$ cat protein18.txt   # compact mmCIF, C-alpha atoms and all ligand atoms
# COMPACT_ATOMS: atom_id res chain seq x y z
CA MET A 7 -45.58 -8.83 -24.39
CA LYS A 8 -42.45 -9.11 -26.46
CA ASN A 9 -40.40 -11.80 -28.19
CA ILE A 10 -36.99 -11.76 -26.56
CA LEU A 11 -33.75 -13.55 -27.42
CA VAL A 12 -31.39 -14.33 -24.54
CA THR A 13 -27.97 -15.62 -25.60
CA GLY A 14 -26.28 -17.61 -22.84
CA ALA A 15 -29.73 -18.49 -21.44
CA ALA A 16 -28.48 -21.66 -19.71
CA GLY A 17 -25.87 -19.76 -17.71
CA PHE A 18 -26.07 -18.35 -14.21
CA LEU A 19 -27.19 -14.83 -15.21
CA GLY A 20 -28.92 -15.85 -18.45
CA SER A 21 -31.23 -18.29 -16.68
CA HIS A 22 -32.19 -15.82 -13.94
CA LEU A 23 -32.79 -13.17 -16.61
CA THR A 24 -34.97 -15.63 -18.55
CA ASP A 25 -37.05 -16.29 -15.42
CA ALA A 26 -37.52 -12.56 -14.83
CA LEU A 27 -38.57 -11.90 -18.45
CA LEU A 28 -41.07 -14.78 -18.40
CA ALA A 29 -42.45 -13.44 -15.11
CA GLN A 30 -43.04 -10.10 -16.88
CA GLY A 31 -45.15 -11.92 -19.47
CA HIS A 32 -42.70 -11.98 -22.38
CA SER A 33 -41.84 -14.93 -24.62
CA VAL A 34 -38.19 -15.96 -24.45
CA PHE A 35 -36.04 -17.72 -26.99
CA GLY A 36 -32.94 -19.00 -25.16
CA ALA A 37 -29.77 -19.81 -27.11
CA ASP A 38 -26.78 -21.53 -25.50
CA ASN A 39 -24.07 -23.95 -26.67
CA LEU A 40 -23.85 -25.37 -23.12
CA SER A 41 -20.06 -24.93 -22.98
CA THR A 42 -20.35 -23.54 -19.45
CA GLY A 43 -24.13 -23.26 -19.02
CA SER A 44 -26.30 -26.14 -17.87
CA LEU A 45 -29.78 -27.29 -18.89
CA ALA A 46 -30.39 -27.91 -15.18
CA ASN A 47 -30.70 -24.12 -14.85
CA LEU A 48 -33.68 -24.23 -17.24
CA ALA A 49 -35.21 -27.57 -16.20
CA HIS A 50 -38.08 -25.84 -14.37
CA LEU A 51 -39.17 -24.29 -17.71
CA ASN A 52 -39.74 -27.62 -19.48
CA ALA A 53 -43.52 -27.13 -19.57
CA GLU A 54 -43.41 -23.35 -20.16
CA PRO A 55 -45.03 -22.61 -23.55
CA ARG A 56 -43.51 -19.11 -23.68
CA PHE A 57 -39.95 -20.49 -23.49
CA CYS A 58 -38.06 -22.11 -26.33
CA PHE A 59 -34.47 -23.43 -26.03
CA LEU A 60 -32.05 -23.69 -28.93
CA LYS A 61 -28.67 -25.39 -28.51
CA GLN A 62 -26.67 -22.91 -30.56
CA ASP A 63 -23.10 -21.63 -30.75
CA ILE A 64 -23.74 -17.97 -31.53
CA THR A 65 -20.41 -17.63 -33.35
CA LEU A 66 -22.14 -19.61 -36.13
CA PRO A 67 -24.90 -18.00 -38.22
CA PHE A 68 -28.38 -18.41 -36.72
CA ASP A 69 -31.75 -16.73 -36.93
CA PRO A 70 -34.57 -17.32 -34.44
CA GLY A 71 -36.98 -15.18 -36.51
CA PRO A 72 -38.37 -11.76 -35.59
CA VAL A 73 -37.43 -10.62 -32.07
CA ASP A 74 -38.15 -7.35 -30.28
CA PHE A 75 -35.17 -7.37 -27.92
CA ILE A 76 -31.86 -9.23 -27.53
CA PHE A 77 -29.95 -9.74 -24.28
CA ASN A 78 -26.40 -10.82 -25.20
CA PHE A 79 -25.15 -12.84 -22.23
CA ALA A 80 -23.25 -15.68 -23.95
CA SER A 81 -19.65 -16.09 -22.73
CA PRO A 82 -17.58 -18.19 -20.39
CA ALA A 83 -17.23 -15.88 -17.38
CA SER A 84 -15.12 -17.39 -14.60
CA PRO A 85 -11.31 -17.12 -14.78
CA ILE A 86 -10.82 -20.90 -14.92
CA ASP A 87 -13.52 -21.32 -17.58
CA TYR A 88 -12.13 -18.68 -19.90
CA ALA A 89 -8.58 -19.93 -19.33
CA ARG A 90 -9.78 -23.40 -20.45
CA LEU A 91 -11.85 -21.99 -23.33
CA GLY A 92 -9.53 -19.17 -24.49
CA PRO A 93 -10.18 -19.10 -28.26
CA GLU A 94 -13.90 -19.82 -27.74
CA THR A 95 -14.12 -16.86 -25.32
CA LEU A 96 -12.44 -14.52 -27.82
CA LEU A 97 -14.76 -15.69 -30.59
CA VAL A 98 -18.03 -15.49 -28.68
CA GLY A 99 -17.13 -11.95 -27.56
CA SER A 100 -16.32 -10.87 -31.14
CA THR A 101 -18.00 -12.94 -33.88
CA GLY A 102 -20.81 -13.94 -31.49
CA THR A 103 -21.52 -10.36 -30.49
CA VAL A 104 -21.48 -9.21 -34.13
CA ASN A 105 -23.90 -12.01 -35.11
CA ALA A 106 -26.25 -10.96 -32.30
CA LEU A 107 -25.94 -7.27 -33.29
CA ASN A 108 -26.77 -8.13 -36.91
CA LEU A 109 -29.94 -9.89 -35.72
CA ALA A 110 -30.89 -6.74 -33.79
CA ARG A 111 -30.25 -4.66 -36.91
CA LYS A 112 -32.26 -7.02 -39.12
CA TYR A 113 -35.30 -7.09 -36.82
CA ASN A 114 -35.01 -3.53 -35.48
CA ALA A 115 -34.70 -5.03 -32.00
CA GLY A 116 -33.37 -3.43 -28.83
CA PHE A 117 -30.04 -4.82 -27.64
CA LEU A 118 -28.44 -5.09 -24.20
CA HIS A 119 -24.89 -6.37 -23.93
CA ALA A 120 -23.51 -7.96 -20.77
CA SER A 121 -20.16 -6.22 -20.38
CA THR A 122 -17.92 -6.46 -17.37
CA SER A 123 -15.86 -4.72 -14.72
CA GLU A 124 -12.92 -6.58 -16.34
CA CYS A 125 -12.96 -3.77 -18.93
CA TYR A 126 -11.24 -1.74 -16.17
CA GLY A 127 -8.53 -4.42 -15.72
CA ASP A 128 -6.37 -3.83 -12.63
CA PRO A 129 -7.70 -0.29 -12.07
CA GLU A 130 -5.65 2.78 -11.14
CA ILE A 131 -8.72 4.68 -9.95
CA HIS A 132 -11.04 3.62 -7.18
CA PRO A 133 -13.98 3.15 -7.16
CA GLN A 134 -14.33 2.59 -10.89
CA VAL A 135 -16.40 5.12 -12.84
CA GLU A 136 -17.71 4.49 -16.34
CA THR A 137 -15.50 7.22 -17.82
CA TYR A 138 -12.31 5.34 -16.79
CA TRP A 139 -10.73 3.54 -19.78
CA GLY A 140 -9.06 0.79 -17.81
CA ARG A 141 -5.69 -0.91 -17.44
CA VAL A 142 -5.82 -4.27 -19.19
CA ASN A 143 -2.95 -6.60 -20.15
CA PRO A 144 -3.71 -7.49 -23.79
CA ILE A 145 -1.64 -10.71 -23.70
CA GLY A 146 -2.12 -11.93 -20.10
CA PRO A 147 -4.20 -14.94 -18.99
CA ARG A 148 -7.32 -12.75 -18.61
CA SER A 149 -6.90 -11.13 -22.04
CA VAL A 150 -9.14 -13.62 -23.87
CA TYR A 151 -12.05 -12.43 -21.75
CA ASP A 152 -11.14 -8.80 -21.14
CA GLU A 153 -10.27 -7.93 -24.73
CA ALA A 154 -13.29 -9.80 -26.15
CA LYS A 155 -15.54 -7.82 -23.82
CA ARG A 156 -13.78 -4.58 -24.76
CA PHE A 157 -14.14 -5.43 -28.46
CA SER A 158 -17.83 -6.12 -27.81
CA GLU A 159 -18.27 -2.66 -26.32
CA ALA A 160 -16.66 -1.15 -29.45
CA ALA A 161 -18.91 -3.29 -31.69
CA VAL A 162 -22.07 -2.40 -29.77
CA THR A 163 -21.12 1.29 -29.99
CA ALA A 164 -20.40 1.01 -33.73
CA TRP A 165 -23.67 -0.79 -34.53
CA ARG A 166 -25.45 2.05 -32.77
CA ARG A 167 -23.35 4.81 -34.35
CA TYR A 168 -23.30 3.49 -37.91
CA TYR A 169 -26.53 1.47 -38.12
CA GLY A 170 -28.76 3.09 -35.51
CA VAL A 171 -29.30 -0.08 -33.43
CA ASN A 172 -30.92 0.74 -30.07
CA THR A 173 -28.16 -0.55 -27.78
CA HIS A 174 -27.40 -0.68 -24.04
CA MET A 175 -24.35 -1.90 -22.12
CA ALA A 176 -24.10 -3.04 -18.50
CA ARG A 177 -20.66 -3.32 -16.89
CA ILE A 178 -21.39 -6.17 -14.51
CA PHE A 179 -19.34 -6.53 -11.32
CA ASN A 180 -18.91 -9.79 -9.34
CA THR A 181 -22.32 -11.42 -8.92
CA TYR A 182 -23.34 -14.53 -6.97
CA GLY A 183 -26.36 -16.52 -5.91
CA PRO A 184 -28.14 -19.82 -6.60
CA ARG A 185 -27.05 -21.44 -9.92
CA LEU A 186 -23.51 -20.06 -9.73
CA GLN A 187 -21.51 -23.07 -10.91
CA ALA A 188 -20.22 -24.86 -7.83
CA ASN A 189 -17.01 -25.86 -9.60
CA ASP A 190 -16.18 -22.69 -11.50
CA GLY A 191 -13.27 -21.73 -9.25
CA ARG A 192 -14.73 -18.38 -8.29
CA VAL A 193 -14.24 -17.12 -4.80
CA ILE A 194 -17.86 -17.42 -3.59
CA SER A 195 -18.40 -20.90 -5.04
CA ASN A 196 -15.01 -22.14 -3.80
CA PHE A 197 -15.44 -20.73 -0.27
CA MET A 198 -19.06 -21.93 0.10
CA MET A 199 -18.28 -25.45 -1.11
CA GLN A 200 -15.09 -25.64 0.98
CA ALA A 201 -16.84 -24.35 4.11
CA LEU A 202 -19.76 -26.76 3.75
CA ALA A 203 -17.41 -29.70 3.09
CA GLY A 204 -15.29 -28.81 6.14
CA GLU A 205 -12.26 -28.26 3.91
CA PRO A 206 -9.82 -25.32 4.24
CA LEU A 207 -10.82 -22.07 2.51
CA THR A 208 -8.19 -21.25 -0.13
CA VAL A 209 -7.33 -17.54 0.03
CA TYR A 210 -5.09 -16.50 -2.88
CA GLY A 211 -2.20 -14.12 -2.21
CA ASP A 212 -2.39 -12.20 1.07
CA GLY A 213 -6.20 -12.02 0.85
CA LEU A 214 -6.15 -8.21 0.95
CA GLN A 215 -7.31 -7.82 -2.65
CA THR A 216 -10.92 -6.62 -2.80
CA ARG A 217 -14.11 -7.38 -4.68
CA SER A 218 -17.66 -6.02 -4.37
CA PHE A 219 -20.34 -8.69 -4.55
CA CYS A 220 -23.86 -8.23 -5.92
CA PHE A 221 -26.67 -10.71 -5.25
CA VAL A 222 -28.20 -11.97 -8.49
CA SER A 223 -31.74 -10.61 -7.95
CA ASP A 224 -30.36 -7.08 -7.50
CA LEU A 225 -28.27 -7.49 -10.64
CA ILE A 226 -31.21 -8.66 -12.76
CA ASP A 227 -33.32 -5.75 -11.49
CA GLY A 228 -30.60 -3.35 -12.68
CA ILE A 229 -30.34 -5.05 -16.07
CA LEU A 230 -34.09 -4.82 -16.68
CA ARG A 231 -34.14 -1.14 -15.72
CA LEU A 232 -31.23 -0.42 -18.07
CA ALA A 233 -32.96 -2.28 -20.94
CA ALA A 234 -36.03 -0.09 -20.46
CA SER A 235 -34.00 3.14 -20.32
CA ASP A 236 -32.72 5.52 -23.00
CA GLU A 237 -29.10 5.16 -21.85
CA HIS A 238 -26.68 3.91 -24.49
CA THR A 239 -23.27 4.33 -22.88
CA PRO A 240 -21.92 1.75 -20.38
CA VAL A 241 -23.50 1.68 -16.92
CA ASN A 242 -21.90 -0.04 -13.91
CA ILE A 243 -24.23 -2.57 -12.28
CA GLY A 244 -22.85 -3.97 -9.03
CA ASN A 245 -22.98 -3.64 -5.27
CA PRO A 246 -20.47 -1.06 -4.00
CA ALA A 247 -19.97 -2.80 -0.61
CA GLU A 248 -16.30 -3.80 -0.85
CA PHE A 249 -14.67 -6.77 0.92
CA THR A 250 -11.15 -8.14 1.12
CA MET A 251 -11.01 -11.85 0.31
CA LEU A 252 -10.16 -12.48 3.97
CA GLN A 253 -13.35 -10.64 4.99
CA CYS A 254 -15.26 -12.62 2.37
CA ALA A 255 -13.93 -15.85 3.90
CA GLN A 256 -15.12 -14.69 7.33
CA GLU A 257 -18.60 -13.93 5.94
CA VAL A 258 -18.80 -17.42 4.45
CA LEU A 259 -17.66 -19.01 7.73
CA ALA A 260 -20.28 -17.01 9.65
CA VAL A 261 -23.14 -17.94 7.32
CA THR A 262 -22.25 -21.63 7.07
CA GLY A 263 -21.25 -22.02 10.73
CA SER A 264 -18.21 -23.91 9.42
CA LYS A 265 -15.07 -24.50 11.46
CA SER A 266 -12.88 -24.66 8.33
CA GLN A 267 -9.37 -23.18 8.50
CA ILE A 268 -8.08 -20.55 6.08
CA VAL A 269 -5.04 -21.47 3.98
CA PHE A 270 -3.06 -19.22 1.64
CA GLU A 271 -2.26 -20.15 -1.96
CA PRO A 272 -0.39 -18.26 -4.71
CA LEU A 273 -2.11 -15.28 -6.33
CA PRO A 274 -2.93 -15.93 -10.02
CA GLN A 275 -1.21 -13.64 -12.58
CA ASP A 276 -2.94 -10.29 -13.30
CA ASP A 277 -5.45 -10.77 -10.48
CA PRO A 278 -6.92 -7.26 -9.97
CA THR A 279 -5.94 -5.80 -6.58
CA ARG A 280 -9.21 -3.97 -6.01
CA ARG A 281 -12.61 -3.62 -7.55
CA ARG A 282 -15.58 -1.53 -6.54
CA PRO A 283 -18.23 0.05 -8.75
CA ASP A 284 -19.17 3.70 -8.58
CA ILE A 285 -22.92 3.33 -9.18
CA ALA A 286 -23.91 7.01 -9.14
CA LYS A 287 -24.86 6.75 -12.82
CA ALA A 288 -27.16 3.74 -12.29
CA ARG A 289 -28.71 5.39 -9.23
CA ALA A 290 -29.44 8.61 -11.11
CA LEU A 291 -30.53 7.17 -14.46
CA LEU A 292 -32.27 3.97 -13.38
CA ASN A 293 -33.28 4.78 -9.82
CA TRP A 294 -31.56 1.49 -9.00
CA ASN A 295 -29.88 0.53 -5.78
CA PRO A 296 -28.79 -2.97 -4.70
CA LYS A 297 -30.67 -4.04 -1.57
CA ILE A 298 -29.16 -7.33 -0.46
CA SER A 299 -26.04 -7.40 1.73
CA LEU A 300 -23.35 -10.06 1.27
CA ARG A 301 -24.40 -11.72 4.54
CA GLU A 302 -28.08 -11.91 3.43
CA GLY A 303 -27.22 -13.05 -0.08
CA LEU A 304 -24.93 -15.80 1.17
CA ARG A 305 -27.77 -16.98 3.44
CA MET A 306 -30.08 -17.04 0.41
CA SER A 307 -27.50 -19.10 -1.49
CA LEU A 308 -26.85 -21.61 1.29
CA ALA A 309 -29.51 -24.19 0.32
CA TYR A 310 -28.28 -24.16 -3.27
CA PHE A 311 -24.64 -24.85 -2.36
CA GLN A 312 -25.78 -27.52 0.13
CA SER A 313 -27.64 -29.25 -2.72
CA CYS A 314 -24.49 -29.03 -4.89
CA LEU A 315 -22.44 -30.62 -2.13
CA ALA A 316 -25.01 -33.39 -1.62
CA ALA A 317 -24.99 -34.10 -5.36
CA ARG A 318 -21.19 -34.13 -5.45
CA SER A 319 -21.08 -36.50 -2.47
CA SER A 320 -23.48 -38.87 -4.24
CA GLY A 321 -21.36 -38.81 -7.39
CA THR A 322 -23.65 -36.61 -9.53
CA PRO A 323 -21.54 -34.39 -11.81
CA ASP A 324 -21.87 -30.65 -11.03
CA SER A 325 -23.20 -29.97 -14.51
CA THR A 326 -26.31 -32.05 -13.84
CA VAL A 327 -27.10 -30.66 -10.42
CA ALA A 328 -30.74 -29.70 -10.63
CA ALA A 329 -31.45 -26.06 -10.02
CA LEU A 330 -33.47 -25.61 -6.88
CA PRO A 331 -37.20 -26.06 -7.26
CA ARG A 332 -38.92 -22.72 -7.52
CA GLY A 333 -40.28 -22.72 -4.01
CA ASN A 334 -36.78 -22.99 -2.57
CA SER A 335 -35.16 -20.26 -4.61
CA PHE A 336 -35.08 -16.60 -3.66
CA SER A 337 -37.63 -15.79 -6.34
N1 LIG B 401 -9.90 -16.11 -4.86
C1 LIG B 401 -9.44 -16.65 -3.67
N2 LIG B 401 -9.67 -17.98 -3.44
C2 LIG B 401 -10.36 -18.78 -4.30
C3 LIG B 401 -10.85 -18.22 -5.51
C4 LIG B 401 -10.60 -16.87 -5.76
O1 LIG B 401 -8.83 -15.97 -2.85
O2 LIG B 401 -10.54 -19.97 -3.99
C5 LIG B 401 -9.68 -14.67 -5.12
C6 LIG B 401 -9.07 -14.35 -6.48
O3 LIG B 401 -7.66 -14.41 -6.42
C7 LIG B 401 -9.60 -12.95 -6.71
C8 LIG B 401 -10.95 -12.93 -6.00
O4 LIG B 401 -10.94 -14.04 -5.13
O5 LIG B 401 -8.75 -12.00 -6.11
C9 LIG B 401 -12.12 -13.05 -6.94
O6 LIG B 401 -11.88 -14.14 -7.80
P1 LIG B 401 -12.98 -14.73 -8.77
O7 LIG B 401 -12.36 -15.88 -9.48
O8 LIG B 401 -14.24 -14.98 -8.02
O9 LIG B 401 -13.33 -13.57 -9.83
P2 LIG B 401 -12.55 -12.31 -10.43
O10 LIG B 401 -13.18 -11.14 -9.74
O11 LIG B 401 -11.07 -12.40 -10.12
O12 LIG B 401 -12.82 -12.37 -11.89

$ encode --input "protein18.txt" --output "structure tokens"
Amino acid sequence: MKNILVTGAAGFLGSHLTDALLAQGHSVFGADNLSTGSLANLAHLNAEPRFCFLKQDITLPFDPGPVDFIFNFASPASPIDYARLGPETLLVGSTGTVNALNLARKYNAGFLHASTSECYGDPEIHPQVETYWGRVNPIGPRSVYDEAKRFSEAAVTAWRRYYGVNTHMARIFNTYGPRLQANDGRVISNFMMQALAGEPLTVYGDGLQTRSFCFVSDLIDGILRLAASDEHTPVNIGNPAEFTMLQCAQEVLAVTGSKSQIVFEPLPQDDPTRRRPDIAKARALLNWNPKISLREGLRMSLAYFQSCLAARSSGTPDSTVAALPRGNSFS
């Protein structure tokens, strides 16, 4: 039984991680400034005595008291969110990370940082291995996210090297599932909402760019294994099954049974052409392997996106869409 701080606890990954930690018997202190997270993701924990929520911008000084472990998950994460919140994204991934690392140093706590496949940028090698240094545009539209996450990796490494903090880093690839914001502009949320609403699916560019999608329960399993390990260098956590965006659209149409058309729209600047994790390191070190296929995971996300559409149709803002009651979620 440990006291654990989760930054970004009201977000998609942070809230699922919080649930998993509570299920393991730990006490969780969740910090979030709610810039992209939603209290609806934590509403089911209202009566949970082992959970405490603090509305906190982690770029400002804060101290929850002694903690045994810190999961640093605070950051806008979808391309339209970090384009809207550019300076905030740079600051949470620099000052925010340093504040969280200093808490870990003060309390001798373990630390796991949520890094990203965006550290690889538009990669020249495929699939991406952890030893690849990446190809990132430092001044492009994605730079506020990519460079903040790369700075965070340097900071996490330095706090380990210079101060002996017990750190871990996960390079997280595209992840989806219930609680993914319905309006965050990401491909899975856009396609699912468009398919369910009977609207055209918007494929950007020629739709031949690829991504590799991990269902959220597999991702959280990998994160927990990494936190319990002795590994301190970055580890890719993602599902290596790779899809073009056209194939992804077909998967969504199959799962929803939708008759929506596919339309093509311009490709955003610096959109990576391909992305697929090499997960040999996670397999060997953590004995971890994602289990849920895209088809299965989309099926397990269907009820959630249907509830988002129903709420949108009734005029409820997306940010207040209640997370599914426990019995309806995959967990
Ligand atoms: N994409 C798309 N249609 C959409 C939204 C996204 O074709 O409605 C594409 C986007 O251009 C990118 C991929 O889907 O190539 C994944 O985009 P997402 O925003 O989900 O995350 P990214 O992996 O780019 O950070």

$ residues_near_ligand --input "protein18.txt" --ligand "ligand LIG 401 (chain B)" --cutoff "7 Å" --atoms "all atoms listed in the file" --output "list in words"
Ser84, Pro85, Asn180, Gly191, Arg192, Val193, Ile194, Asn196, Phe197, Leu207, Thr208, Val209, Tyr210, Gly211, Gly213, Gln215, Thr216, Arg217, Met251, Leu273, Pro274, Asp277, Pro278 and Thr279 of chain A

$ atom_distance --input "protein18.txt" --atom1 "atom CA of Ala176 of chain A" --atom2 "atom CA of Gly31 of chain A"
22.9 Å

$ atom_distance --input "protein18.txt" --atom1 "atom CA of Ala160 of chain A" --atom2 "atom CA of Gly127 of chain A"
16.3 Å

$ closest_residue --input "protein18.txt" --among "A:Asn52, A:Asn108, A:Gln253, A:Gln187" --to "Trp165 of chain A" --atoms "all atoms listed in the file"
A:Asn108

$ closest_residue --input "protein18.txt" --among "A:Gln30, A:Asn114, A:Thr13, A:Ser320" --to "Pro82 of chain A" --atoms "only C-alpha atoms"
A:Thr13

$ residues_around --input "protein18.txt" --residues "segment 234-242 of chain A" --least-positions-apart "6" --cutoff "6 Å" --atoms "only C-alpha atoms" --output "PyMOL selection string"
chain A and resi 173-177+285

$ residues_around --input "protein18.txt" --residues "Gly146 of chain A" --least-positions-apart "2" --cutoff "12 Å" --atoms "only C-alpha atoms" --output "list in words"
Pro85, Ala89, Gly92, Gly127, Asp128, Arg141, Val142, Asn143, Pro144, Arg148, Ser149, Val150, Tyr151, Asp152, Glu153, Pro274, Gln275, Asp276 and Asp277 of chain A

$ atom_distance --input "protein18.txt" --atom1 "atom CA of Glu136 of chain A" --atom2 "atom CA of Phe249 of chain A"
20.8 Å

$ axis_aligned_box --input "protein18.txt" --around "segment 212-216 of chain A" --padding-each-side "3 Å" --output "JSON"
{"center_x": -6.7, "center_y": -9.4, "center_z": -0.9, "size_x": 14.5, "size_y": 11.6, "size_z": 9.9}

$ closest_residue --input "protein18.txt" --among "A:Ala80, A:Leu300, A:Leu308, A:Leu315" --to "Leu19 of chain A" --atoms "only C-alpha atoms"
A:Ala80
